[in-house]
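Colleague: Pasting in a structure now, in structure tokens, and then I'll have a few things to ask.
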Amino acid sequence: MIVLGGQLSTAKGLDYAIFHAAQYGLGTLQVFSRSPVGGQSKPLPKTGTVTGWLEQAHIRPFFVHAPYFVNAAATEPQMKNRARVVLSEEMIRVKRLHGDYLILHPGHQQETSIEESLDALSQTIRYILKKPGFVLIENAAGQGRELGASLDDLARLFAHLGRLRRVGFLLDTAHAMAFGYALTTADDVSRFFDQLDQKIGLKRLKGIHLNDNMYPIGTKRDRHAHLLTGQMHPEGLKKLLALANGHNWPIILETPGKDMVARHQDLEVIAQLTGHELKMS
């Protein structure tokens with residue numbers, strides 16, 4: 001059975017987000033522990049309280065997304081230090097929330113080569129892994145000087161990381177299509193996952209951000225869209241969902257909206273293609 005979830009706002013409280021997910025029968029959840037764009041981090045609920053909420057709602061795995069305002073691939077000393085401080089703090093926050101994974105964007109190339117930027121990123125990942133926890137690297141769309149959009153670059157990053165066990169990969173389908181990977185037909189999807197397996201290894205994949213993209217494939221423009229309203233077609237999406245089901249990869253919807261009410265049409269698409277029962281209690 002597909003483990004389905006979504007990125008939910010915590011503006012009304014983490015408990016509200018967790019039980020809102022449960023209302024829709026979701027089995028996984030993603031949140032930000034703080035504002036993704038900056039500002040002072042907010043106090044967290046008591047650890048035991050969060051554990052109880054997650055157990056009551058039957059939510060696992062529980063993903064926390066790192067904020068966007070730091071560049072994990074920074075080579076400039078001040079920016080690099082800030083990224084390490086913020087992301088190390090985020091690792092601690094994930095542990096206090098009893099989260100399973102911290103999701104990290106690869107960052108942006110500065111005035112250095114791609115190889116130097118990937119090395120800087122790998123060193124920052126090693127640094128934050130001095131704290132307990134598990135980091136997932138999310139593929140980028142390739143906008144501007146973004147790193148980690150191609151499977152080749154991601155393979156080079158994992159080569160830099162060597163045999164580190166507490167680091168894995170999270171696939172964003174909108175970003176993959178923006179960069180140029182077609183996920184239109186069943187053959188497209190099979191071909192992409194074969195490449196992913198060869199270059200990174202399917203064992204590293206720990207989840208999927210399931211999003212359509214409103215911009216054409218290969219434009220390196222990222223605008224999340226509801227399923228089957230952009231570049232995705234039913235055949236390819238059905239194949240992708242079957243693979244997720246077969247490999248037990250959790251699916252997180254990041255389609256437009258801050259809650260599952262706004263994503264009801266996406267849940268209906270998934271239900272129609274898979275027979276996944278919609279729940280709203």
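Here, A, B, ... name the chains of the structure tokens in the order displayed, residue numbers run from 1 inside each chain, and ligands are numbered from 1 in the same displayed order.
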Name all residues at most 8 Å from segment 99-111 of chain A (count only C-alpha atoms; drop same-chain ones fewer than 6 positions away) and give them as a PyMOL selection string.
Modeller: chain A and resi 60-66+68+70-76+90-91+117+121+133-140+145-148+170
Colleague: Skip segment 246-255 of chain A itself and residues of its chain fewer than 4 positions away, then list as number ranges by chain all residues within 6 Å of it, counting only C-alpha atoms.
Modeller: A: 3-7, 206-211, 224-226
Colleague: Only C-alpha atoms, please: the residues just picked out, written as an mmCIF file, in the first residue's frame.
Modeller:
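Contents of again.cif, freshly written:
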```
data_model
loop_
_atom_site.group_PDB
_atom_site.id
_atom_site.type_symbol
_atom_site.label_atom_id
_atom_site.label_comp_id
_atom_site.auth_asym_id
_atom_site.auth_seq_id
_atom_site.Cartn_x
_atom_site.Cartn_y
_atom_site.Cartn_z
ATOM 1 C CA VAL A 3 2.567 5.553 1.998
ATOM 2 C CA LEU A 4 1.126 8.937 1.098
ATOM 3 C CA GLY A 5 1.751 12.308 2.713
ATOM 4 C CA GLY A 6 2.182 15.999 2.125
ATOM 5 C CA GLN A 7 4.077 19.148 3.019
ATOM 6 C CA LYS A 206 14.125 7.324 0.755
ATOM 7 C CA GLY A 207 11.134 9.228 -0.590
ATOM 8 C CA ILE A 208 9.543 11.141 -3.467
ATOM 9 C CA HIS A 209 8.232 14.697 -3.675
ATOM 10 C CA LEU A 210 5.401 14.035 -6.129
ATOM 11 C CA ASN A 211 4.727 17.245 -8.021
ATOM 12 C CA HIS A 224 4.903 23.099 -8.849
ATOM 13 C CA ALA A 225 1.493 22.210 -10.260
ATOM 14 C CA HIS A 226 -1.310 19.816 -9.374
#
```
Colleague: For Asn213 of chain A, list every protein, DNA or RNA residue within 10 Å, evaluated using only C-alpha atoms, and leave out those in the same chain fewer than 2 positions away; present the list as a PyMOL selection string.
Modeller: chain A and resi 173-178+211+215-217+221-232+255
Colleague: Given the selection you just returned, output its residues as a file containing C-alpha atoms, formatted as a PDB file, in the first residue's frame.
Modeller:
```pdb
ATOM      1  CA  THR A 173       9.617  14.977  -9.806  1.00  0.00           C
ATOM      2  CA  ALA A 174       8.950  18.638 -10.709  1.00  0.00           C
ATOM      3  CA  HIS A 175      12.650  19.425 -10.388  1.00  0.00           C
ATOM      4  CA  ALA A 176      13.612  16.366 -12.436  1.00  0.00           C
ATOM      5  CA  MET A 177      11.293  17.390 -15.269  1.00  0.00           C
ATOM      6  CA  ALA A 178      12.465  21.014 -15.107  1.00  0.00           C
ATOM      7  CA  ASN A 211       4.727  17.245  -8.021  1.00  0.00           C
ATOM      8  CA  TYR A 215       6.728  24.660 -17.301  1.00  0.00           C
ATOM      9  CA  PRO A 216       7.866  22.458 -20.199  1.00  0.00           C
ATOM     10  CA  ILE A 217      10.422  19.711 -19.634  1.00  0.00           C
ATOM     11  CA  ARG A 221      12.034  26.515 -14.545  1.00  0.00           C
ATOM     12  CA  ASP A 222      10.360  25.195 -11.417  1.00  0.00           C
ATOM     13  CA  ARG A 223       6.698  25.876 -10.676  1.00  0.00           C
ATOM     14  CA  HIS A 224       4.903  23.099  -8.849  1.00  0.00           C
ATOM     15  CA  ALA A 225       1.493  22.210 -10.260  1.00  0.00           C
ATOM     16  CA  HIS A 226      -1.310  19.816  -9.374  1.00  0.00           C
ATOM     17  CA  LEU A 227      -0.888  16.308 -10.757  1.00  0.00           C
ATOM     18  CA  LEU A 228      -1.785  15.912 -14.456  1.00  0.00           C
ATOM     19  CA  THR A 229      -2.162  19.681 -14.938  1.00  0.00           C
ATOM     20  CA  GLY A 230       1.394  20.214 -16.208  1.00  0.00           C
ATOM     21  CA  GLN A 231       3.878  17.855 -17.867  1.00  0.00           C
ATOM     22  CA  MET A 232       2.767  14.565 -16.273  1.00  0.00           C
ATOM     23  CA  THR A 255       1.523  20.616  -5.026  1.00  0.00           C
TER      24      THR A 255
END
```
Colleague: Name the residues in contact with Lys199 of chain A at a cut-off of 9 Å, using only C-alpha atoms, excluding same-chain residues fewer than 3 positions from it; report them as a PyMOL selection string.
Modeller: chain A and resi 151-152+154-156+194-196
Colleague: At what distance in Å, to one decimal, does atom CA of Lys220 of chain A lie from atom CA of Ser33 of chain A?
Modeller: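 For atom CA of Ser33 of chain A relative to atom CA of Lys220 of chain A, the distance reads 28.1 Å.
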Colleague: If you run DSSP over the backbone, which residues in segment 7-236 of chain A end up helix (DSSP H, G or I)? Put them as a PyMOL selection string.
Modeller: chain A and resi 14-23+47-57+77-96+114-128+151-161+173-179+186-199+202-204+234-236
Colleague: Could you write out, as a PyMOL selection string, all the residues of segment 129-164 of chain A that DSSP marks as strand (DSSP E)?
Modeller: chain A and resi 135-138
Colleague: The selected residues should be written to file as a PDB file, in the first residue's frame (atoms: N, CA, C and O atoms).
Modeller:
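Contents of part07.pdb, as written:
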```pdb
ATOM      1  N   VAL A 135      20.416  12.677   6.762  1.00  0.00           N
ATOM      2  CA  VAL A 135      20.238  13.757   5.787  1.00  0.00           C
ATOM      3  C   VAL A 135      19.854  13.182   4.432  1.00  0.00           C
ATOM      4  O   VAL A 135      20.466  12.211   3.967  1.00  0.00           O
ATOM      5  N   LEU A 136      18.867  13.786   3.804  1.00  0.00           N
ATOM      6  CA  LEU A 136      18.478  13.431   2.437  1.00  0.00           C
ATOM      7  C   LEU A 136      18.767  14.599   1.512  1.00  0.00           C
ATOM      8  O   LEU A 136      18.355  15.732   1.776  1.00  0.00           O
ATOM      9  N   ILE A 137      19.468  14.339   0.417  1.00  0.00           N
ATOM     10  CA  ILE A 137      19.776  15.352  -0.588  1.00  0.00           C
ATOM     11  C   ILE A 137      18.670  15.328  -1.643  1.00  0.00           C
ATOM     12  O   ILE A 137      18.387  14.291  -2.243  1.00  0.00           O
ATOM     13  N   GLU A 138      18.053  16.478  -1.864  1.00  0.00           N
ATOM     14  CA  GLU A 138      16.978  16.591  -2.857  1.00  0.00           C
ATOM     15  C   GLU A 138      17.544  17.144  -4.164  1.00  0.00           C
ATOM     16  O   GLU A 138      18.307  18.117  -4.152  1.00  0.00           O
TER      17      GLU A 138
END
```
Colleague: Between A:Gly257, A:Val86, A:Gln198, A:Ala57, single out the one closest to Gln23 of chain A, counting only C-alpha atoms.
Modeller: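 Smallest separation from Gln23 of chain A among the options: A:Ala57.
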Colleague: Quick one, how far is atom CA of Leu267 of chain A from atom CA of Tyr24 of chain A?
Modeller: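 Taking atom CA of Leu267 of chain A as the start and atom CA of Tyr24 of chain A as the end point, the length is 9.3 Å.
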Colleague: One decimal, Å: what's the distance from atom CA of Gln40 of chain A over to atom CA of Val85 of chain A, could you say?
Modeller: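 Value for the atom CA of Gln40 of chain A-atom CA of Val85 of chain A distance: 13.4 Å.
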Colleague: Using only C-alpha atoms, which of A:Lys258, A:Glu115, A:Ala244, A:Ala271 sits nearest Lys12 of chain A?
Modeller: A:Lys258
